[in-house]
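Here is the file model.txt (compact mmCIF, C-alpha atoms).
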# COMPACT_ATOMS: atom_id res chain seq x y z
CA MET H 1 6.92 13.23 24.36
CA ARG H 2 6.44 11.03 21.29
CA THR H 3 3.01 10.24 19.87
CA ILE H 4 2.22 7.63 17.25
CA THR H 5 0.13 9.17 14.46
CA LYS H 6 -0.28 5.93 12.51
CA LYS H 7 -0.84 2.61 14.24
CA PRO H 8 0.18 -0.20 11.88
CA GLU H 9 -2.10 -3.06 10.98
CA VAL H 10 -1.26 -6.54 12.29
CA LEU H 11 -1.79 -8.76 9.23
CA ALA H 12 -2.01 -12.51 9.77
CA PRO H 13 -2.10 -15.59 7.52
CA GLY H 14 -5.36 -17.47 7.07
CA GLY H 15 -4.71 -20.81 5.41
CA THR H 16 -8.13 -22.16 6.39
CA LEU H 17 -11.35 -20.77 7.83
CA GLU H 18 -10.33 -22.09 11.25
CA LYS H 19 -6.95 -20.35 11.06
CA LEU H 20 -8.59 -17.14 9.87
CA LYS H 21 -11.02 -17.06 12.78
CA THR H 22 -8.19 -17.92 15.18
CA ALA H 23 -6.06 -15.05 13.87
CA ILE H 24 -8.87 -12.54 14.30
CA HIS H 25 -9.78 -13.89 17.74
CA TYR H 26 -6.16 -13.39 18.82
CA GLY H 27 -5.98 -9.81 17.57
CA ALA H 28 -5.33 -9.62 13.82
CA ASP H 29 -6.54 -6.42 12.16
CA ALA H 30 -6.56 -8.18 8.80
CA VAL H 31 -6.02 -11.67 7.37
CA TYR H 32 -4.80 -12.69 3.93
CA ILE H 33 -6.12 -15.85 2.31
CA GLY H 34 -5.95 -17.70 -0.99
CA GLY H 35 -8.69 -18.56 -3.43
CA GLU H 36 -8.92 -21.78 -5.40
CA ALA H 37 -6.88 -20.28 -8.25
CA TYR H 38 -4.27 -17.61 -9.09
CA GLY H 39 -2.34 -17.91 -5.80
CA LEU H 40 1.04 -19.27 -4.71
CA ARG H 41 -0.05 -21.77 -2.05
CA SER H 42 -1.73 -24.59 -3.92
CA ARG H 43 -1.38 -26.90 -0.91
CA ALA H 44 -2.88 -24.47 1.61
CA GLY H 45 -6.52 -24.90 2.58
CA ASN H 46 -7.63 -22.38 -0.01
CA PHE H 47 -11.08 -20.80 0.14
CA ASP H 48 -14.03 -21.35 -2.16
CA TYR H 49 -16.54 -18.53 -2.62
CA GLU H 50 -18.85 -19.77 0.13
CA GLU H 51 -15.98 -19.90 2.61
CA MET H 52 -14.84 -16.44 1.52
CA ALA H 53 -18.29 -15.07 2.22
CA GLU H 54 -18.24 -16.62 5.69
CA ALA H 55 -14.74 -15.26 6.26
CA VAL H 56 -15.76 -11.75 5.23
CA ALA H 57 -18.85 -11.81 7.43
CA PHE H 58 -16.84 -13.01 10.44
CA ALA H 59 -13.98 -10.55 9.88
CA HIS H 60 -16.16 -7.51 9.28
CA SER H 61 -18.26 -8.30 12.34
CA HIS H 62 -15.02 -8.13 14.36
CA GLY H 63 -13.71 -4.99 12.65
CA SER H 64 -11.09 -6.87 10.62
CA LYS H 65 -10.35 -7.05 6.89
CA ILE H 66 -9.79 -9.88 4.41
CA TYR H 67 -7.29 -9.78 1.53
CA VAL H 68 -7.02 -12.45 -1.18
CA ALA H 69 -3.64 -13.43 -2.65
CA ALA H 70 -3.79 -13.85 -6.44
CA ASN H 71 -0.06 -13.38 -6.88
CA MET H 72 0.95 -16.11 -9.32
CA VAL H 73 3.07 -15.42 -12.41
CA THR H 74 0.76 -16.36 -15.26
CA HIS H 75 1.68 -18.37 -18.33
CA GLU H 76 -0.56 -18.61 -21.38
CA GLY H 77 -3.97 -19.81 -20.31
CA ASN H 78 -3.45 -19.29 -16.56
CA GLU H 79 -5.47 -16.08 -16.67
CA GLU H 80 -8.62 -17.78 -17.92
CA GLY H 81 -11.57 -17.11 -15.64
CA ALA H 82 -9.76 -14.37 -13.72
CA GLY H 83 -12.30 -11.70 -14.57
CA GLU H 84 -15.16 -13.69 -13.08
CA PHE H 85 -12.99 -14.54 -10.06
CA PHE H 86 -12.19 -10.89 -9.33
CA ARG H 87 -15.80 -9.78 -9.83
CA THR H 88 -17.04 -12.48 -7.48
CA ILE H 89 -14.63 -11.73 -4.65
CA ARG H 90 -15.34 -8.01 -5.01
CA ASP H 91 -19.06 -8.66 -4.68
CA ILE H 92 -18.47 -10.98 -1.71
CA GLY H 93 -16.86 -8.03 0.07
CA ILE H 94 -13.14 -8.90 -0.04
CA ASP H 95 -11.22 -5.78 1.04
CA ALA H 96 -8.32 -6.09 -1.43
CA VAL H 97 -6.57 -8.50 -3.76
CA LEU H 98 -2.78 -9.03 -3.87
CA ILE H 99 -1.39 -9.29 -7.41
CA SER H 100 2.10 -9.39 -8.91
CA ASP H 101 1.37 -10.07 -12.59
CA PRO H 102 0.40 -6.96 -14.65
CA ALA H 103 -1.88 -9.14 -16.81
CA LEU H 104 -3.98 -10.09 -13.77
CA MET H 105 -3.95 -6.47 -12.62
CA GLU H 106 -5.39 -5.32 -15.93
CA ILE H 107 -8.09 -7.97 -15.75
CA ALA H 108 -8.95 -6.97 -12.18
CA VAL H 109 -9.17 -3.27 -13.05
CA THR H 110 -11.21 -3.91 -16.20
CA ASP H 111 -13.53 -6.66 -15.02
CA ALA H 112 -13.87 -5.80 -11.33
CA PRO H 113 -13.73 -2.01 -10.96
CA GLY H 114 -13.75 -0.93 -7.35
CA LEU H 115 -11.76 -3.93 -6.09
CA PRO H 116 -8.68 -2.49 -4.30
CA ILE H 117 -5.35 -3.92 -5.52
CA HIS H 118 -2.22 -4.41 -3.43
CA LEU H 119 1.10 -5.18 -5.11
CA SER H 120 2.41 -8.58 -4.02
CA THR H 121 5.91 -9.02 -2.65
CA GLN H 122 6.58 -11.22 -5.70
CA ALA H 123 6.81 -8.04 -7.78
CA SER H 124 10.03 -7.04 -5.96
CA ALA H 125 9.28 -3.43 -5.03
CA THR H 126 12.57 -2.15 -3.60
CA ASN H 127 12.60 1.65 -4.05
CA TYR H 128 10.33 4.67 -3.78
CA GLN H 129 10.25 5.25 -7.56
CA THR H 130 8.70 1.81 -7.98
CA LEU H 131 6.14 2.58 -5.26
CA ASN H 132 5.22 5.84 -6.96
CA PHE H 133 4.82 4.04 -10.29
CA TRP H 134 2.33 1.60 -8.80
CA ALA H 135 0.54 4.38 -6.93
CA ASN H 136 0.09 6.20 -10.25
CA GLU H 137 -1.37 2.99 -11.65
CA GLY H 138 -4.05 3.14 -8.96
CA LEU H 139 -2.73 0.60 -6.44
CA GLU H 140 -3.49 1.41 -2.82
CA ARG H 141 -0.69 -0.58 -1.19
CA VAL H 142 2.67 -2.14 -1.98
CA VAL H 143 3.97 -5.23 -0.19
CA LEU H 144 7.71 -4.66 -0.13
CA ALA H 145 10.29 -7.13 -1.34
CA ARG H 146 11.89 -8.86 1.61
CA GLU H 147 15.29 -7.61 0.47
CA VAL H 148 14.52 -4.01 1.49
CA SER H 149 16.41 -2.35 4.34
CA MET H 150 15.06 -0.21 7.16
CA ALA H 151 16.80 2.86 5.73
CA GLU H 152 15.13 2.28 2.36
CA ILE H 153 11.71 1.97 4.00
CA LYS H 154 12.16 5.32 5.73
CA GLU H 155 13.08 6.93 2.40
CA MET H 156 10.04 5.36 0.75
CA ASN H 157 7.75 6.70 3.44
CA GLU H 158 9.15 10.20 2.95
CA LYS H 159 8.78 10.16 -0.84
CA THR H 160 5.55 8.30 -1.52
CA ASP H 161 1.96 8.31 -0.29
CA VAL H 162 1.10 4.70 -1.13
CA GLU H 163 0.58 2.34 1.82
CA ILE H 164 3.55 0.15 2.74
CA GLU H 165 3.27 -3.43 3.91
CA ALA H 166 6.31 -5.37 5.13
CA PHE H 167 6.90 -8.92 6.30
CA VAL H 168 7.91 -8.98 9.96
CA HIS H 169 7.78 -12.64 10.94
CA GLY H 170 7.99 -16.07 9.36
CA ALA H 171 9.76 -18.07 6.71
CA MET H 172 12.19 -16.43 4.29
CA CYS H 173 12.73 -17.61 0.72
CA ILE H 174 16.40 -18.20 -0.05
CA SER H 175 15.85 -16.94 -3.60
CA TYR H 176 15.41 -13.28 -4.53
CA SER H 177 11.78 -12.36 -3.85
CA GLY H 178 10.71 -15.95 -4.34
CA ARG H 179 11.93 -16.12 -7.92
CA CYS H 180 13.15 -19.69 -7.71
CA VAL H 181 13.22 -22.55 -10.22
CA LEU H 182 14.71 -25.27 -7.99
CA SER H 183 11.28 -26.78 -7.47
CA ASN H 184 10.57 -26.71 -11.22
CA HIS H 185 13.84 -28.49 -11.97
CA MET H 186 13.74 -31.07 -9.19
CA SER H 187 10.05 -31.94 -8.92
CA ASN H 188 8.37 -30.34 -11.95
CA ARG H 189 6.36 -28.10 -9.63
CA ASP H 190 6.35 -24.40 -10.51
CA ALA H 191 7.07 -22.29 -7.44
CA ASN H 192 5.77 -19.15 -9.13
CA ARG H 193 2.47 -20.77 -10.01
CA GLY H 194 1.69 -22.17 -6.58
CA GLY H 195 3.52 -25.50 -6.56
CA CYS H 196 6.76 -24.90 -4.61
CA ALA H 197 8.19 -28.16 -3.26
CA GLN H 198 10.55 -26.19 -0.97
CA SER H 199 13.62 -27.78 -2.51
CA CYS H 200 15.87 -25.40 -0.58
CA ARG H 201 14.65 -27.02 2.66
CA TRP H 202 15.77 -30.49 1.60
CA LYS H 203 18.92 -32.03 3.02
CA TYR H 204 21.77 -32.37 0.54
CA GLY H 205 25.02 -34.29 0.47
CA LEU H 206 28.16 -32.94 -1.20
CA PHE H 207 29.94 -35.14 -3.72
CA ASP H 208 33.00 -35.00 -5.95
CA MET H 209 32.28 -36.49 -9.40
CA PRO H 210 35.61 -36.95 -11.25
CA LEU H 211 34.03 -39.36 -13.72
CA LEU H 212 30.51 -39.70 -15.09
CA GLY H 213 28.47 -41.75 -12.67
CA GLN H 214 31.15 -41.73 -9.98
CA GLN H 215 30.20 -40.09 -6.67
CA ASN H 216 32.76 -39.60 -3.95
CA PRO H 217 31.35 -38.08 -0.72
CA VAL H 218 33.22 -34.90 0.13
CA GLY H 219 34.52 -34.67 3.68
CA ALA H 220 34.18 -38.30 4.65
CA GLY H 221 37.36 -37.99 6.68
CA GLU H 222 37.95 -36.61 10.15
CA GLU H 223 37.80 -32.94 9.12
CA GLY H 224 35.21 -33.24 6.39
CA ILE H 225 31.54 -32.44 6.11
CA GLU H 226 29.85 -34.98 8.33
CA GLU H 227 26.24 -33.98 7.97
CA LYS H 228 23.92 -33.08 5.15
CA PHE H 229 23.02 -29.44 4.61
CA SER H 230 20.29 -27.31 3.09
CA MET H 231 20.22 -24.12 1.06
CA SER H 232 17.59 -22.80 3.42
CA ALA H 233 17.26 -19.44 5.15
CA VAL H 234 16.47 -18.99 8.81
CA ASP H 235 13.13 -17.41 9.71
CA LEU H 236 12.46 -13.70 10.08
CA SER H 237 11.49 -12.08 13.38
CA MET H 238 11.27 -8.33 13.93
CA LEU H 239 9.59 -8.41 17.34
CA GLU H 240 12.66 -6.93 19.01
CA HIS H 241 12.72 -4.05 16.50
CA LEU H 242 9.05 -3.09 16.29
CA PRO H 243 9.72 0.56 17.27
CA ASP H 244 11.97 0.96 14.22
CA LEU H 245 9.32 -0.50 11.93
CA ILE H 246 6.50 1.61 13.32
CA GLU H 247 8.53 4.82 13.22
CA SER H 248 9.69 4.05 9.66
CA GLY H 249 6.09 4.46 8.54
CA VAL H 250 5.12 0.88 7.73
CA ASP H 251 1.33 0.64 7.47
CA SER H 252 0.96 -3.12 7.76
CA LEU H 253 3.07 -5.68 9.66
CA LYS H 254 2.74 -8.99 7.82
CA ILE H 255 3.15 -12.41 9.42
CA GLU H 256 3.97 -15.29 7.08
CA GLY H 257 2.46 -18.74 7.52
CA ARG H 258 -0.68 -19.80 5.64
CA MET H 259 0.55 -23.40 5.92
CA LYS H 260 1.19 -23.17 9.68
CA SER H 261 -1.04 -24.47 12.49
CA ILE H 262 -3.56 -22.58 14.64
CA HIS H 263 -1.03 -23.00 17.46
CA TYR H 264 1.50 -21.01 15.43
CA VAL H 265 -0.98 -18.39 14.21
CA SER H 266 -2.53 -17.78 17.62
CA THR H 267 0.84 -17.49 19.35
CA VAL H 268 2.55 -15.17 16.86
CA VAL H 269 -0.47 -12.90 16.39
CA ASN H 270 -0.94 -12.75 20.16
CA VAL H 271 2.62 -11.56 20.68
CA TYR H 272 2.70 -8.95 17.92
CA ARG H 273 -0.72 -7.62 18.92
CA LYS H 274 0.50 -7.13 22.49
CA ALA H 275 3.76 -5.47 21.45
CA VAL H 276 2.22 -3.13 18.86
CA ASP H 277 -0.48 -2.00 21.28
CA ALA H 278 2.04 -1.42 24.05
CA TYR H 279 4.36 0.66 21.89
CA CYS H 280 1.64 2.77 20.28
CA ALA H 281 0.01 3.45 23.64
CA ASP H 282 3.19 4.82 25.25
CA PRO H 283 6.28 4.88 23.01
CA ASP H 284 8.36 6.83 25.52
CA HIS H 285 8.06 4.11 28.15
CA TYR H 286 7.86 1.09 25.87
CA GLU H 287 9.84 -1.93 26.98
CA LEU H 288 10.29 -5.18 25.10
CA LYS H 289 9.29 -7.91 27.51
CA GLN H 290 11.25 -11.13 27.67
CA GLU H 291 8.00 -13.08 28.03
CA TRP H 292 7.03 -11.96 24.51
CA VAL H 293 10.32 -13.24 23.10
CA ASP H 294 9.99 -16.50 25.02
CA GLU H 295 6.46 -16.93 23.71
CA LEU H 296 7.63 -16.81 20.09
CA TRP H 297 10.21 -19.50 20.76
CA LYS H 298 7.44 -21.84 21.83
CA VAL H 299 6.44 -22.13 18.18
CA ALA H 300 9.77 -21.33 16.49
CA GLN H 301 10.66 -23.96 13.91
CA ARG H 302 14.00 -22.52 12.86
CA GLU H 303 16.54 -19.98 14.02
CA LEU H 304 15.35 -16.36 13.92
CA ALA H 305 17.05 -13.32 12.38
CA THR H 306 16.24 -9.84 11.04
CA GLY H 307 16.54 -10.63 7.33
CA PHE H 308 17.70 -7.66 5.22
CA PHE H 309 16.41 -4.92 7.51
CA TYR H 310 19.80 -4.00 8.99
CA LYS H 311 22.41 -5.78 6.87
CA ASP H 312 22.80 -8.26 4.06
CA PRO H 313 22.41 -11.78 5.47
CA THR H 314 25.47 -14.01 5.66
CA GLU H 315 25.98 -17.73 6.20
CA ASP H 316 24.92 -17.05 9.80
CA GLU H 317 21.38 -16.49 8.52
CA GLN H 318 21.31 -19.80 6.68
CA LEU H 319 20.63 -23.25 8.10
CA PHE H 320 24.13 -24.68 7.92
CA GLY H 321 25.44 -27.16 10.47
CA GLN H 322 23.87 -27.98 13.78
CA ARG H 323 21.04 -25.83 15.02
CA ARG H 324 20.87 -24.28 18.44
CA LYS H 325 18.69 -26.35 20.73
CA ILE H 326 15.30 -24.72 21.06
CA PRO H 327 12.69 -25.66 23.70
CA ARG H 328 9.80 -27.08 21.72
CA TYR H 329 6.17 -27.12 22.73
CA GLY H 330 3.46 -29.28 21.25
CA PHE H 331 -0.07 -28.11 20.57
CA ILE H 332 -2.44 -30.48 22.36
CA GLY H 333 -5.89 -28.95 22.29
CA GLN H 334 -8.40 -26.15 22.06
CA VAL H 335 -11.05 -25.15 24.57
CA LEU H 336 -14.58 -25.55 23.23
CA ALA H 337 -16.47 -24.57 26.38
CA TYR H 338 -15.93 -23.79 30.06
CA ASP H 339 -18.42 -23.82 32.94
CA PRO H 340 -17.13 -21.55 35.75
CA GLU H 341 -19.55 -23.06 38.27
CA THR H 342 -18.43 -26.66 37.85
CA GLN H 343 -14.95 -25.65 36.61
CA MET H 344 -15.38 -28.21 33.85
CA ALA H 345 -13.69 -27.56 30.50
CA THR H 346 -14.64 -29.24 27.24
CA ILE H 347 -11.59 -29.69 25.04
CA GLN H 348 -10.98 -30.77 21.47
CA GLN H 349 -7.77 -32.80 21.52
CA ARG H 350 -5.13 -32.18 18.83
CA ASN H 351 -2.21 -34.26 20.16
CA ASN H 352 -1.76 -36.95 22.79
CA PHE H 353 -1.85 -35.85 26.43
CA GLY H 354 -2.97 -37.38 29.67
CA VAL H 355 -3.02 -37.62 33.44
CA GLY H 356 0.21 -36.42 35.01
CA ASP H 357 1.17 -34.07 32.15
CA GLU H 358 1.93 -30.44 32.92
CA ILE H 359 0.03 -28.36 30.39
CA GLU H 360 -0.26 -24.65 29.62
CA PHE H 361 -3.46 -22.80 28.76
CA TYR H 362 -3.13 -19.53 26.87
CA GLY H 363 -5.52 -17.02 25.33
CA PRO H 364 -5.75 -13.54 23.75
CA GLY H 365 -3.87 -10.84 25.62
CA LEU H 366 -1.17 -13.39 26.50
CA ARG H 367 -3.15 -14.94 29.33
CA HIS H 368 -1.28 -17.97 30.68
CA ASN H 369 -1.98 -20.64 33.28
CA ILE H 370 -0.15 -23.89 34.10
CA LEU H 371 -1.95 -27.03 35.26
CA THR H 372 -0.99 -30.61 36.02
CA VAL H 373 -3.67 -32.91 34.64
CA GLU H 374 -5.28 -34.94 37.44
CA ALA H 375 -8.23 -36.52 35.63
CA ILE H 376 -9.79 -36.72 32.16
CA TRP H 377 -13.23 -37.88 31.03
CA ASN H 378 -14.32 -38.83 27.54
CA GLU H 379 -17.60 -37.84 25.84
CA HIS H 380 -19.42 -40.61 27.72
CA ASP H 381 -18.19 -39.28 31.07
CA GLU H 382 -15.87 -42.29 31.46
CA ALA H 383 -12.56 -41.69 33.22
CA ILE H 384 -9.54 -42.20 30.93
CA ASP H 385 -5.81 -41.91 31.52
CA ARG H 386 -4.93 -40.38 28.17
CA ALA H 387 -6.51 -38.66 25.18
CA PRO H 388 -4.71 -40.44 22.33
CA ASN H 389 -7.08 -40.00 19.39
CA ALA H 390 -6.88 -36.89 17.21
CA MET H 391 -9.82 -34.48 17.49
CA MET H 392 -11.48 -36.46 20.30
CA ILE H 393 -13.61 -34.47 22.76
CA VAL H 394 -12.61 -34.74 26.42
CA LYS H 395 -13.48 -33.02 29.68
CA MET H 396 -11.32 -32.02 32.59
CA LYS H 397 -11.46 -29.81 35.68
CA VAL H 398 -9.69 -26.48 35.38
CA PRO H 399 -9.51 -24.44 38.62
CA PHE H 400 -9.05 -21.07 36.89
CA VAL H 401 -11.18 -19.19 34.36
CA ILE H 402 -10.54 -20.00 30.73
CA GLU H 403 -12.48 -19.10 27.60
CA ARG H 404 -13.68 -20.72 24.44
CA PHE H 405 -10.93 -20.77 21.77
CA ASP H 406 -8.16 -20.75 24.38
CA MET H 407 -5.32 -23.06 23.34
CA ILE H 408 -3.42 -25.73 25.25
CA ARG H 409 0.21 -26.78 24.78
CA LYS H 410 2.83 -28.80 26.61
CA LYS H 411 6.58 -29.19 26.46
CA LYS H 412 7.74 -32.00 24.24
Could you express the structure from this file as structure tokens?
Amino acid sequence: MRTITKKPEVLAPGGTLEKLKTAIHYGADAVYIGGEAYGLRSRAGNFDYEEMAEAVAFAHSHGSKIYVAANMVTHEGNEEGAGEFFRTIRDIGIDAVLISDPALMEIAVTDAPGLPIHLSTQASATNYQTLNFWANEGLERVVLAREVSMAEIKEMNEKTDVEIEAFVHGAMCISYSGRCVLSNHMSNRDANRGGCAQSCRWKYGLFDMPLLGQQNPVGAGEEGIEEKFSMSAVDLSMLEHLPDLIESGVDSLKIEGRMKSIHYVSTVVNVYRKAVDAYCADPDHYELKQEWVDELWKVAQRELATGFFYKDPTEDEQLFGQRRKIPRYGFIGQVLAYDPETQMATIQQRNNFGVGDEIEFYGPGLRHNILTVEAIWNEHDEAIDRAPNAMMIVKMKVPFVIERFDMIRKKK
């Protein structure tokens, strides 16, 4: 009979305070966020110190942790103010900071002693010797490069004592460990200093240029390239291989997506929480449930694959040609309150829905209920046919028990 001696952490993205609280409510053991400087997501809803303090208080009251990503590659002058930044987040109670640049590490160690440091995936840790080097430098955890295989992770776990964190779900960078200059070249936005324009996701045409200024579309004929293409990778999903990850010794299962919606965060965290708990509770009788897989596809934006865990990706793991049709669901609202006596739910609308629509309520623990909307009332208790305005507050009867922070979606 197998027993799990080390239950891995489910680590979720927290692009905003709302997303952070959603992730924890749906089961995240820890959430990683960005500050207003030194990170790689300049367009995410990064946290100021006051928001960090609120995040830490909320997380710690729920038994969860908060990590701050300060993983930019610094150029001259970018490190200014870092010492004060690290001291402040340490004093706020941040549980660890993720860094890739040795200059920022030295500042953190010198100016903010006692602040735990995790090595960012941007540093491309791909072997156990590298992990041991960083462990000797005093780092508590290493976030592996996404190019690492399952066999390599097992070897690392056998030959090092440092904690191992691995990405298990979300977007994959087409460039090696995020070291890309396409964005710099095409839009003058430095990907390694927080400004990635995601140039690999753009659609490109292919041209033959025999003379300067002359552009002849390639494949304009019957057998040619008829549609534009990207250089983009499909997304990563290791849900179907969680037993391998857990048994390999991974300490933290990381979900990508600080720019994603609360619909995405709640759904993905919900699924991985359920699967991790089920496996660790009874590994001998663990069974991957199709409903978990189906749930992920309700928020899937791209095709899903296993990245580098089992083989080197091929063109099959890139977004070439037509994509397989995926059932898409739209996020339409969040429950603010529910009165079980009157069965009246108060809902904050996020996308248009109305009378006659079939909608799905879901909550932590993968609770699900389907309902056809029969009536809606606005804040003034006036009957309306639809809720068309973003963030409007509406009421409706719900004949089953739901809870605050439950989400609502419908098929597009």
Find, counting all atoms listed in the file, the residue in H:Arg87, H:Lys311, H:Arg302, H:Lys159 that gets nearest to H:Gly249. H:Lys159
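Contact shell of H:Thr5 at 12 Å (only C-alpha atoms; same-chain neighbours under 6 positions omitted): Ile246, Glu247, Ser248, Gly249, Val250, Asp251, Cys280, Ala281 and Pro283 of chain H.
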Let's have the selection written as a PDB file, in the frame of the given file, with C-alpha atoms.
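Result file follows (selection_2.pdb):
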ATOM      1  CA  ILE H 246       6.500   1.610  13.320  1.00  0.00           C
ATOM      2  CA  GLU H 247       8.530   4.820  13.220  1.00  0.00           C
ATOM      3  CA  SER H 248       9.690   4.050   9.660  1.00  0.00           C
ATOM      4  CA  GLY H 249       6.090   4.460   8.540  1.00  0.00           C
ATOM      5  CA  VAL H 250       5.120   0.880   7.730  1.00  0.00           C
ATOM      6  CA  ASP H 251       1.330   0.640   7.470  1.00  0.00           C
ATOM      7  CA  CYS H 280       1.640   2.770  20.280  1.00  0.00           C
ATOM      8  CA  ALA H 281       0.010   3.450  23.640  1.00  0.00           C
ATOM      9  CA  PRO H 283       6.280   4.880  23.010  1.00  0.00           C
TER      10      PRO H 283
END
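Take the candidates H:Thr88, H:Ser266, H:Asn389, H:Gln343 and check each one against H:Ile408 using only C-alpha atoms; the shortest distance goes to H:Ser266.
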Mind listing whatever residues come within 12 Å of the point (1.0, -21.5, 6.4)? Use only C-alpha atoms, file coordinates, and give them as a count of residues only. 30
Exercise: H:Arg328 partners within 9 Å, all atoms listed in the file, chain neighbours under 5 positions left out, as a ChimeraX atom specification: /H:297-301,410-412
Please compute the atom CA of H:His185-atom CA of H:Glu315 distance, one decimal, in Å.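 Between these atoms lies a distance of 24.4 Å.
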